[in-house]
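With compact mmCIF, C-alpha atoms inside, this is model01.txt:
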# COMPACT_ATOMS: atom_id res chain seq x y z
CA SER A 23 26.56 -43.48 -1.29
CA MET A 24 27.00 -39.86 -2.35
CA VAL A 25 24.85 -40.51 -5.45
CA LEU A 26 21.92 -41.73 -3.34
CA ILE A 27 22.24 -38.78 -0.96
CA ALA A 28 22.22 -36.33 -3.90
CA ARG A 29 19.12 -37.98 -5.36
CA ALA A 30 17.33 -37.78 -2.01
CA LEU A 31 18.11 -34.09 -1.71
CA LEU A 32 16.79 -33.51 -5.23
CA VAL A 33 13.48 -35.21 -4.39
CA VAL A 34 13.08 -33.03 -1.29
CA LEU A 35 13.70 -29.87 -3.30
CA VAL A 36 11.21 -30.90 -6.01
CA LEU A 37 8.51 -31.68 -3.45
CA ALA A 38 9.08 -28.37 -1.74
CA GLY A 39 8.76 -26.53 -5.06
CA CYS A 40 5.47 -28.28 -5.84
CA LYS A 41 3.81 -26.56 -2.90
CA GLN A 42 3.50 -23.39 -5.00
CA SER A 43 0.35 -23.53 -7.10
CA LEU A 44 -0.27 -21.98 -10.49
CA PHE A 45 -3.02 -20.10 -8.68
CA ASP A 46 -0.85 -18.49 -6.02
CA ALA A 47 -1.47 -14.83 -5.28
CA HIS A 48 1.42 -12.44 -4.84
CA GLY A 49 1.76 -9.09 -3.14
CA ASP A 50 0.01 -7.46 -0.21
CA ARG A 51 -3.20 -9.31 0.65
CA ASP A 52 -3.62 -7.66 4.04
CA ALA A 53 -6.19 -4.90 4.31
CA ALA A 54 -4.74 -1.43 4.72
CA GLY A 55 -6.72 0.85 7.02
CA ASP A 56 -6.91 4.57 7.51
CA ASP A 57 -3.69 4.58 9.55
CA ASP A 58 -1.74 4.21 6.29
CA ASP A 59 -1.96 7.71 4.83
CA ASP A 60 -0.22 6.81 1.58
CA ASP A 61 -2.02 3.47 1.02
CA ASP A 62 1.35 2.05 -0.05
CA ASP A 63 1.87 -1.67 -0.42
CA ASP A 64 5.11 -3.51 0.25
CA ASP A 65 6.01 -3.44 -3.45
CA GLY A 66 5.62 0.35 -3.68
CA SER A 67 2.21 0.27 -5.40
CA VAL A 68 -0.48 2.75 -4.42
CA VAL A 69 -4.24 2.25 -4.50
CA THR A 70 -5.83 5.28 -6.17
CA ASP A 71 -9.23 6.27 -7.53
CA VAL A 72 -8.07 5.42 -11.07
CA CYS A 73 -7.59 1.94 -12.54
CA PRO A 74 -3.81 1.25 -12.66
CA GLU A 75 -2.33 0.99 -16.14
CA PRO A 76 -2.33 -1.14 -18.16
CA CYS A 77 -5.98 -1.24 -17.08
CA ILE A 78 -8.20 -4.08 -18.25
CA THR A 79 -11.44 -3.01 -16.61
CA SER A 80 -12.89 -1.05 -13.71
CA ALA A 81 -16.07 -2.26 -12.01
CA ALA A 82 -17.36 1.25 -11.37
CA ALA A 83 -16.42 2.71 -14.74
CA ALA A 84 -18.07 -0.20 -16.58
CA TRP A 85 -21.36 0.10 -14.66
CA ASN A 86 -24.39 0.86 -16.82
CA GLY A 87 -27.16 -0.64 -14.71
CA ALA A 88 -27.28 -3.91 -16.66
CA GLN A 89 -25.56 -7.28 -16.48
CA GLY A 90 -22.25 -7.25 -18.37
CA GLY A 91 -21.61 -3.53 -17.98
CA THR A 92 -20.33 -1.36 -20.80
CA ASP A 93 -17.50 -3.77 -21.65
CA ASP A 94 -19.54 -6.97 -21.25
CA ARG A 95 -17.13 -8.30 -18.60
CA TRP A 96 -18.99 -7.86 -15.30
CA ARG A 97 -21.76 -9.81 -13.62
CA TYR A 98 -23.64 -8.58 -10.57
CA LEU A 99 -24.72 -11.49 -8.43
CA GLY A 100 -26.27 -12.66 -5.22
CA ASP A 101 -23.77 -15.00 -3.55
CA SER A 102 -25.54 -17.67 -1.47
CA ARG A 103 -22.24 -18.61 0.30
CA ALA A 104 -22.80 -22.19 -0.88
CA ARG A 105 -21.23 -22.25 -4.35
CA SER A 106 -24.32 -20.88 -6.06
CA TRP A 107 -24.90 -17.42 -7.51
CA THR A 108 -28.01 -15.70 -8.83
CA PRO A 109 -27.92 -12.73 -11.21
CA LEU A 110 -29.38 -9.57 -9.69
CA GLU A 111 -32.26 -7.98 -11.58
CA ALA A 112 -33.30 -4.41 -12.29
CA GLY A 113 -35.08 -2.82 -9.33
CA THR A 114 -34.78 -0.22 -6.59
CA VAL A 115 -33.10 -0.37 -3.20
CA GLU A 116 -33.67 2.30 -0.58
CA GLY A 117 -35.03 4.56 -3.30
CA LEU A 118 -32.07 4.02 -5.65
CA ASP A 119 -32.21 2.39 -9.10
CA GLY A 120 -29.88 -0.57 -9.52
CA LEU A 121 -29.71 -4.37 -9.67
CA VAL A 122 -31.47 -6.14 -6.81
CA GLY A 123 -31.79 -9.65 -5.38
CA ALA A 124 -34.66 -11.42 -3.66
CA GLY A 125 -35.97 -10.91 -0.13
CA ALA A 126 -37.39 -8.14 2.04
CA THR A 127 -33.96 -6.49 2.41
CA PRO A 128 -32.10 -7.86 -0.60
CA ALA A 129 -28.53 -7.67 -1.77
CA ALA A 130 -28.21 -4.93 -4.35
CA VAL A 131 -25.77 -2.94 -6.49
CA ALA A 132 -26.20 0.70 -7.54
CA SER A 133 -23.86 3.49 -8.64
CA CYS A 134 -22.55 6.48 -6.75
CA VAL A 135 -22.44 8.35 -10.07
CA ASP A 136 -26.23 8.29 -10.04
CA ASN A 137 -26.50 8.77 -6.27
CA ALA A 138 -23.69 11.13 -5.30
CA ALA A 139 -25.73 12.50 -2.38
CA ALA A 140 -25.86 9.09 -0.65
CA ALA A 141 -23.88 9.17 2.62
CA THR A 142 -21.90 6.06 1.66
CA CYS A 143 -20.75 7.77 -1.56
CA GLU A 144 -19.14 10.72 0.22
CA GLY A 145 -15.59 10.97 -1.06
CA ARG A 146 -16.19 8.19 -3.62
CA PRO A 147 -18.46 9.81 -6.25
CA GLY A 148 -17.49 7.30 -8.95
CA ALA A 149 -17.69 4.09 -6.90
CA LEU A 150 -20.22 1.30 -6.99
CA LEU A 151 -22.60 1.11 -4.06
CA LEU A 152 -23.16 -2.40 -2.68
CA PHE A 153 -26.00 -3.01 -0.25
CA THR A 154 -25.59 -6.11 1.89
CA SER A 155 -28.63 -8.20 2.75
CA SER A 156 -29.91 -8.58 6.29
CA SER A 157 -28.74 -12.22 6.50
CA ASP A 158 -32.33 -13.44 6.67
CA ALA A 159 -33.13 -16.98 5.51
CA GLY A 160 -32.60 -17.19 1.76
CA ALA A 161 -30.69 -13.91 1.61
CA SER A 162 -27.47 -13.56 -0.39
CA ASP A 163 -24.44 -11.28 -0.48
CA PRO A 164 -23.87 -8.74 -3.26
CA ALA A 165 -20.98 -9.89 -5.45
CA LEU A 166 -19.06 -8.43 -8.39
CA GLU A 167 -17.73 -11.02 -10.84
CA VAL A 168 -15.21 -10.62 -13.66
CA THR A 169 -13.74 -13.48 -15.73
CA ALA A 170 -10.11 -13.82 -16.83
CA GLU A 171 -9.81 -14.15 -20.60
CA ALA A 172 -6.32 -15.64 -20.86
CA LEU A 173 -3.45 -17.23 -18.98
CA GLY A 174 -1.48 -14.58 -17.13
CA VAL A 175 -0.84 -12.59 -13.99
CA LEU A 176 -3.47 -10.01 -13.09
CA ARG A 177 -3.17 -7.13 -10.68
CA LEU A 178 -6.26 -6.88 -8.44
CA SER A 179 -6.64 -3.61 -6.58
CA GLY A 180 -9.39 -1.57 -5.02
CA ARG A 181 -10.91 0.27 -2.11
CA LEU A 182 -14.00 -0.26 0.06
CA ARG A 183 -15.59 2.31 2.34
CA THR A 184 -18.54 2.34 4.73
CA THR A 185 -20.05 5.17 6.72
CA ALA A 186 -21.18 5.68 10.29
CA GLY A 187 -24.60 4.16 10.83
CA GLY A 188 -23.95 1.22 8.53
CA ALA A 189 -23.60 -2.41 9.54
CA PRO A 190 -21.34 -2.71 12.63
CA LEU A 191 -19.09 -5.26 10.94
CA GLN A 192 -18.94 -6.79 7.47
CA ASP A 193 -16.70 -9.39 5.85
CA VAL A 194 -15.09 -8.70 2.48
CA TRP A 195 -14.25 -11.76 0.41
CA LEU A 196 -12.24 -11.76 -2.83
CA TYR A 197 -11.90 -15.24 -4.29
CA ARG A 198 -11.37 -17.38 -7.38
CA ASN A 199 -14.39 -19.44 -8.49
CA ALA A 200 -15.46 -20.30 -4.91
CA ARG A 201 -14.73 -19.03 -1.41
CA GLU A 202 -12.53 -22.06 -0.75
CA ASP A 203 -9.99 -20.46 -3.12
CA LEU A 204 -9.78 -17.27 -1.11
CA LEU A 205 -7.40 -14.54 -2.27
CA PHE A 206 -8.24 -11.79 0.21
CA HIS A 207 -10.39 -11.34 3.31
CA ALA A 208 -10.86 -8.31 5.54
CA GLU A 209 -13.21 -7.04 8.21
CA LEU A 210 -14.87 -3.75 7.35
CA ALA A 211 -16.23 -1.82 10.33
CA SER A 212 -18.71 1.03 10.31
CA ASP A 213 -17.20 4.35 9.19
CA ASP A 214 -14.08 2.57 7.92
CA GLU A 215 -12.05 2.16 4.73
CA ILE A 216 -9.79 -0.63 3.48
CA THR A 217 -7.66 -1.12 0.37
CA PHE A 218 -6.11 -4.10 -1.38
CA ASP A 219 -3.49 -4.48 -4.11
CA PHE A 220 -1.91 -7.81 -5.12
CA ASP A 221 -1.20 -10.08 -8.09
CA ALA A 222 -2.92 -13.38 -8.89
CA ASP A 223 -2.08 -16.07 -11.46
CA VAL A 224 -5.06 -17.03 -13.63
CA VAL A 225 -6.03 -19.16 -16.59
CA ALA A 226 -8.71 -18.39 -19.15
CA GLY A 227 -12.19 -18.79 -17.70
CA VAL A 228 -11.26 -18.25 -14.03
CA ARG A 229 -13.94 -16.21 -12.25
CA LEU A 230 -12.83 -13.52 -9.80
CA LEU A 231 -15.49 -12.45 -7.31
CA LEU A 232 -15.68 -9.77 -4.64
CA ALA A 233 -18.51 -10.20 -2.12
CA VAL A 234 -19.54 -8.31 1.01
CA GLU A 235 -21.31 -10.13 3.86
CA PRO A 236 -22.80 -8.73 7.09
CA ARG A 237 -21.31 -10.44 10.13
CA ALA A 238 -24.53 -10.67 12.15
CA THR A 239 -28.11 -11.55 11.24
CA GLY A 240 -30.25 -8.45 10.88
CA ASP A 241 -27.35 -6.12 10.12
CA ARG A 242 -27.28 -4.27 6.84
CA GLY A 243 -25.07 -1.62 5.34
CA GLY A 244 -23.96 0.19 2.22
CA VAL A 245 -20.40 -0.11 0.94
CA ALA A 246 -18.76 2.07 -1.72
CA VAL A 247 -16.48 -0.13 -3.84
CA ASP A 248 -13.72 0.55 -6.36
CA PHE A 249 -12.45 -2.72 -7.93
CA TYR A 250 -9.80 -2.69 -10.68
CA LEU A 251 -8.33 -5.38 -12.92
CA SER A 252 -4.97 -4.61 -14.56
CA GLU A 253 -2.42 -6.53 -16.61
CA ARG A 254 0.78 -7.65 -14.92
CA GLY A 255 2.30 -10.22 -17.28
CA THR A 256 2.56 -13.98 -17.67
CA PRO A 257 3.18 -16.44 -14.81
CA ASP A 258 6.66 -17.81 -14.22
CA PRO A 259 7.16 -21.29 -15.72
Rewritten as structure tokens:
Amino acid sequence: SMVLIARALLVVLVLAGCKQSLFDAHGDRDAAGDDDDDDDDDDGSVVTDVCPEPCITSAAAAWNGAQGGTDDRWRYLGDSRARSWTPLEAGTVEGLDGLVGAGATPAAVASCVDNAAAATCEGRPGALLLFTSSSDAGASDPALEVTAEALGVLRLSGRLRTTAGGAPLQDVWLYRNAREDLLFHAELASDDEITFDFDADVVAGVRLLLAVEPRATGDRGGVAVDFYLSERGTPDP
């Protein structure tokens, strides 16, 4: 009957709508390379060197050389790629003061503010400087972690840059809680730059992590990173 047909169509529409998760990400999640002079996204947004307003926090601006940063929101970790993370500790990497992991060539985080003469910091004097590990046994990837404090929609934006002579190819991962909930992935080649700018639905306590991983064992490189967290609103019901 017509009633049964209408009910069947309603079920199909409901099931189709359920495919969209509370944790969907919106916007441009494809890396933009140097061929895009304006760094514009599809929604008209532009990745700049300043945290977009209303800004919640900037990874580079909050850096103070200690866990938590100046606003007590950031953690600097070694990502084992197996759902385990270890806080980096105070140390030196390639002659620079920062937070360092374990191993002969460990993952590390330093600041371009303190090391403006570093080749990787050219053109990004205020960025964080992430050193990837050499992918030896037991090595981990440098990761920046920030935690959402409330239900809402956050704007995640940023820029990553390497220099000639760095690792030939590195993977950039931006994810929620674990790499299985991946929000953004890009390949970063030597002497290259990529940007990202998109929205993500979150609930209080969700961890957002950005990690950089060398593609091949033995490769290592420095990456200048700007990573911003801005308010966007509340998720649609």
Just checking: using all atoms listed in the file, which residue out of A:Ala233, A:Leu182, A:Ala161, A:Ala200 ends up closest to A:Arg146? A:Leu182
Quick one: residues within 12 Å of A:Ser106, only C-alpha atoms counted, chain neighbours fewer than 2 positions away excluded, as a list in words?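 Residues meeting the cut-off are Leu99, Gly100, Asp101, Ser102, Arg103, Ala104, Thr108, Pro109, Gly160, Ser162, Asp163, Ala165, Asn199, Ala200 and Arg201 of chain A.
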Export, as a compact mmCIF listing (two decimals), in the frame of the given file, the selected residues with C-alpha atoms.
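After the write, result34.txt holds the following:
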# COMPACT_ATOMS: atom_id res chain seq x y z
CA LEU A 99 -24.72 -11.49 -8.43
CA GLY A 100 -26.27 -12.66 -5.22
CA ASP A 101 -23.77 -15.00 -3.55
CA SER A 102 -25.54 -17.67 -1.47
CA ARG A 103 -22.24 -18.61 0.30
CA ALA A 104 -22.80 -22.19 -0.88
CA THR A 108 -28.01 -15.70 -8.83
CA PRO A 109 -27.92 -12.73 -11.21
CA GLY A 160 -32.60 -17.19 1.76
CA SER A 162 -27.47 -13.56 -0.39
CA ASP A 163 -24.44 -11.28 -0.48
CA ALA A 165 -20.98 -9.89 -5.45
CA ASN A 199 -14.39 -19.44 -8.49
CA ALA A 200 -15.46 -20.30 -4.91
CA ARG A 201 -14.73 -19.03 -1.41
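Taking atom CA of A:Asp203 and atom CA of A:Gly243 as endpoints, the distance between them is 25.6 Å.
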Who sits within 7 Å of A:Leu152, all atoms listed in the file, same chain under 2 positions skipped, as an mmCIF file with C-alpha atoms, keeping the file's coordinate frame:
data_model
loop_
_atom_site.group_PDB
_atom_site.id
_atom_site.type_symbol
_atom_site.label_atom_id
_atom_site.label_comp_id
_atom_site.auth_asym_id
_atom_site.auth_seq_id
_atom_site.Cartn_x
_atom_site.Cartn_y
_atom_site.Cartn_z
ATOM 1 C CA ALA A 130 -28.210 -4.930 -4.350
ATOM 2 C CA VAL A 131 -25.770 -2.940 -6.490
ATOM 3 C CA ALA A 132 -26.200 0.700 -7.540
ATOM 4 C CA LEU A 150 -20.220 1.300 -6.990
ATOM 5 C CA THR A 154 -25.590 -6.110 1.890
ATOM 6 C CA PRO A 164 -23.870 -8.740 -3.260
ATOM 7 C CA GLY A 244 -23.960 0.190 2.220
ATOM 8 C CA VAL A 245 -20.400 -0.110 0.940
ATOM 9 C CA ALA A 246 -18.760 2.070 -1.720
#
Which one is closest to A:Ala211: A:Arg97, A:Arg242, A:Arg254, A:Arg198? Count only C-alpha atoms.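 Of the candidates, the smallest distance to A:Ala211 is held by A:Arg242.
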How many Å lie between atom CA of A:Asn86 and atom CA of A:Cys134, rounded to one decimal? 11.7 Å
For A:Ala88, which of A:Val72, A:Ala172, A:Leu121, A:Val234 is the closest residue, counting all atoms listed in the file?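 Distance minimum relative to A:Ala88 lands on A:Leu121.
One distance worth recording is that between atom CA of A:Leu251 and atom CA of A:Leu210, which is 21.4 Å.
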Find the spatial neighbours of A:Ala226, counting all atoms listed in the file, within a cut-off of 10 Å - ignore same-chain residues fewer than 4 positions away - and output them as a PyMOL selection string. chain A and resi 169-174
Distance query A:Asp119 at most 10 Å, all atoms listed in the file, self and fewer than 5 positions along chain excluded, as number ranges by chain: A: 87, 112-114, 130-133, 136-137
At a cut-off of 6 Å, using only C-alpha atoms, what residues contact A:Val168? Leave out same-chain residues fewer than 5 positions from it and give the result as a short mmCIF file (atom, residue, chain, number, x, y, z; two decimals) with C-alpha atoms, in the coordinates of the input.
data_model
loop_
_atom_site.label_atom_id
_atom_site.label_comp_id
_atom_site.auth_asym_id
_atom_site.auth_seq_id
_atom_site.Cartn_x
_atom_site.Cartn_y
_atom_site.Cartn_z
CA ARG A 95 -17.13 -8.30 -18.60
CA TRP A 96 -18.99 -7.86 -15.30
CA ARG A 229 -13.94 -16.21 -12.25
CA LEU A 230 -12.83 -13.52 -9.80
#
Let me know the centre plus edge lengths, in Å and rounded to one decimal, of a box with edges along x, y and z that contains all listed atoms of stretch 243-255 of chain A and is padded by 4 Å on every side, as lines of an AutoDock Vina configuration file.
center_x = -11.4
center_y = -4.1
center_z = -6.0
size_x = 35.4
size_y = 20.3
size_z = 30.6
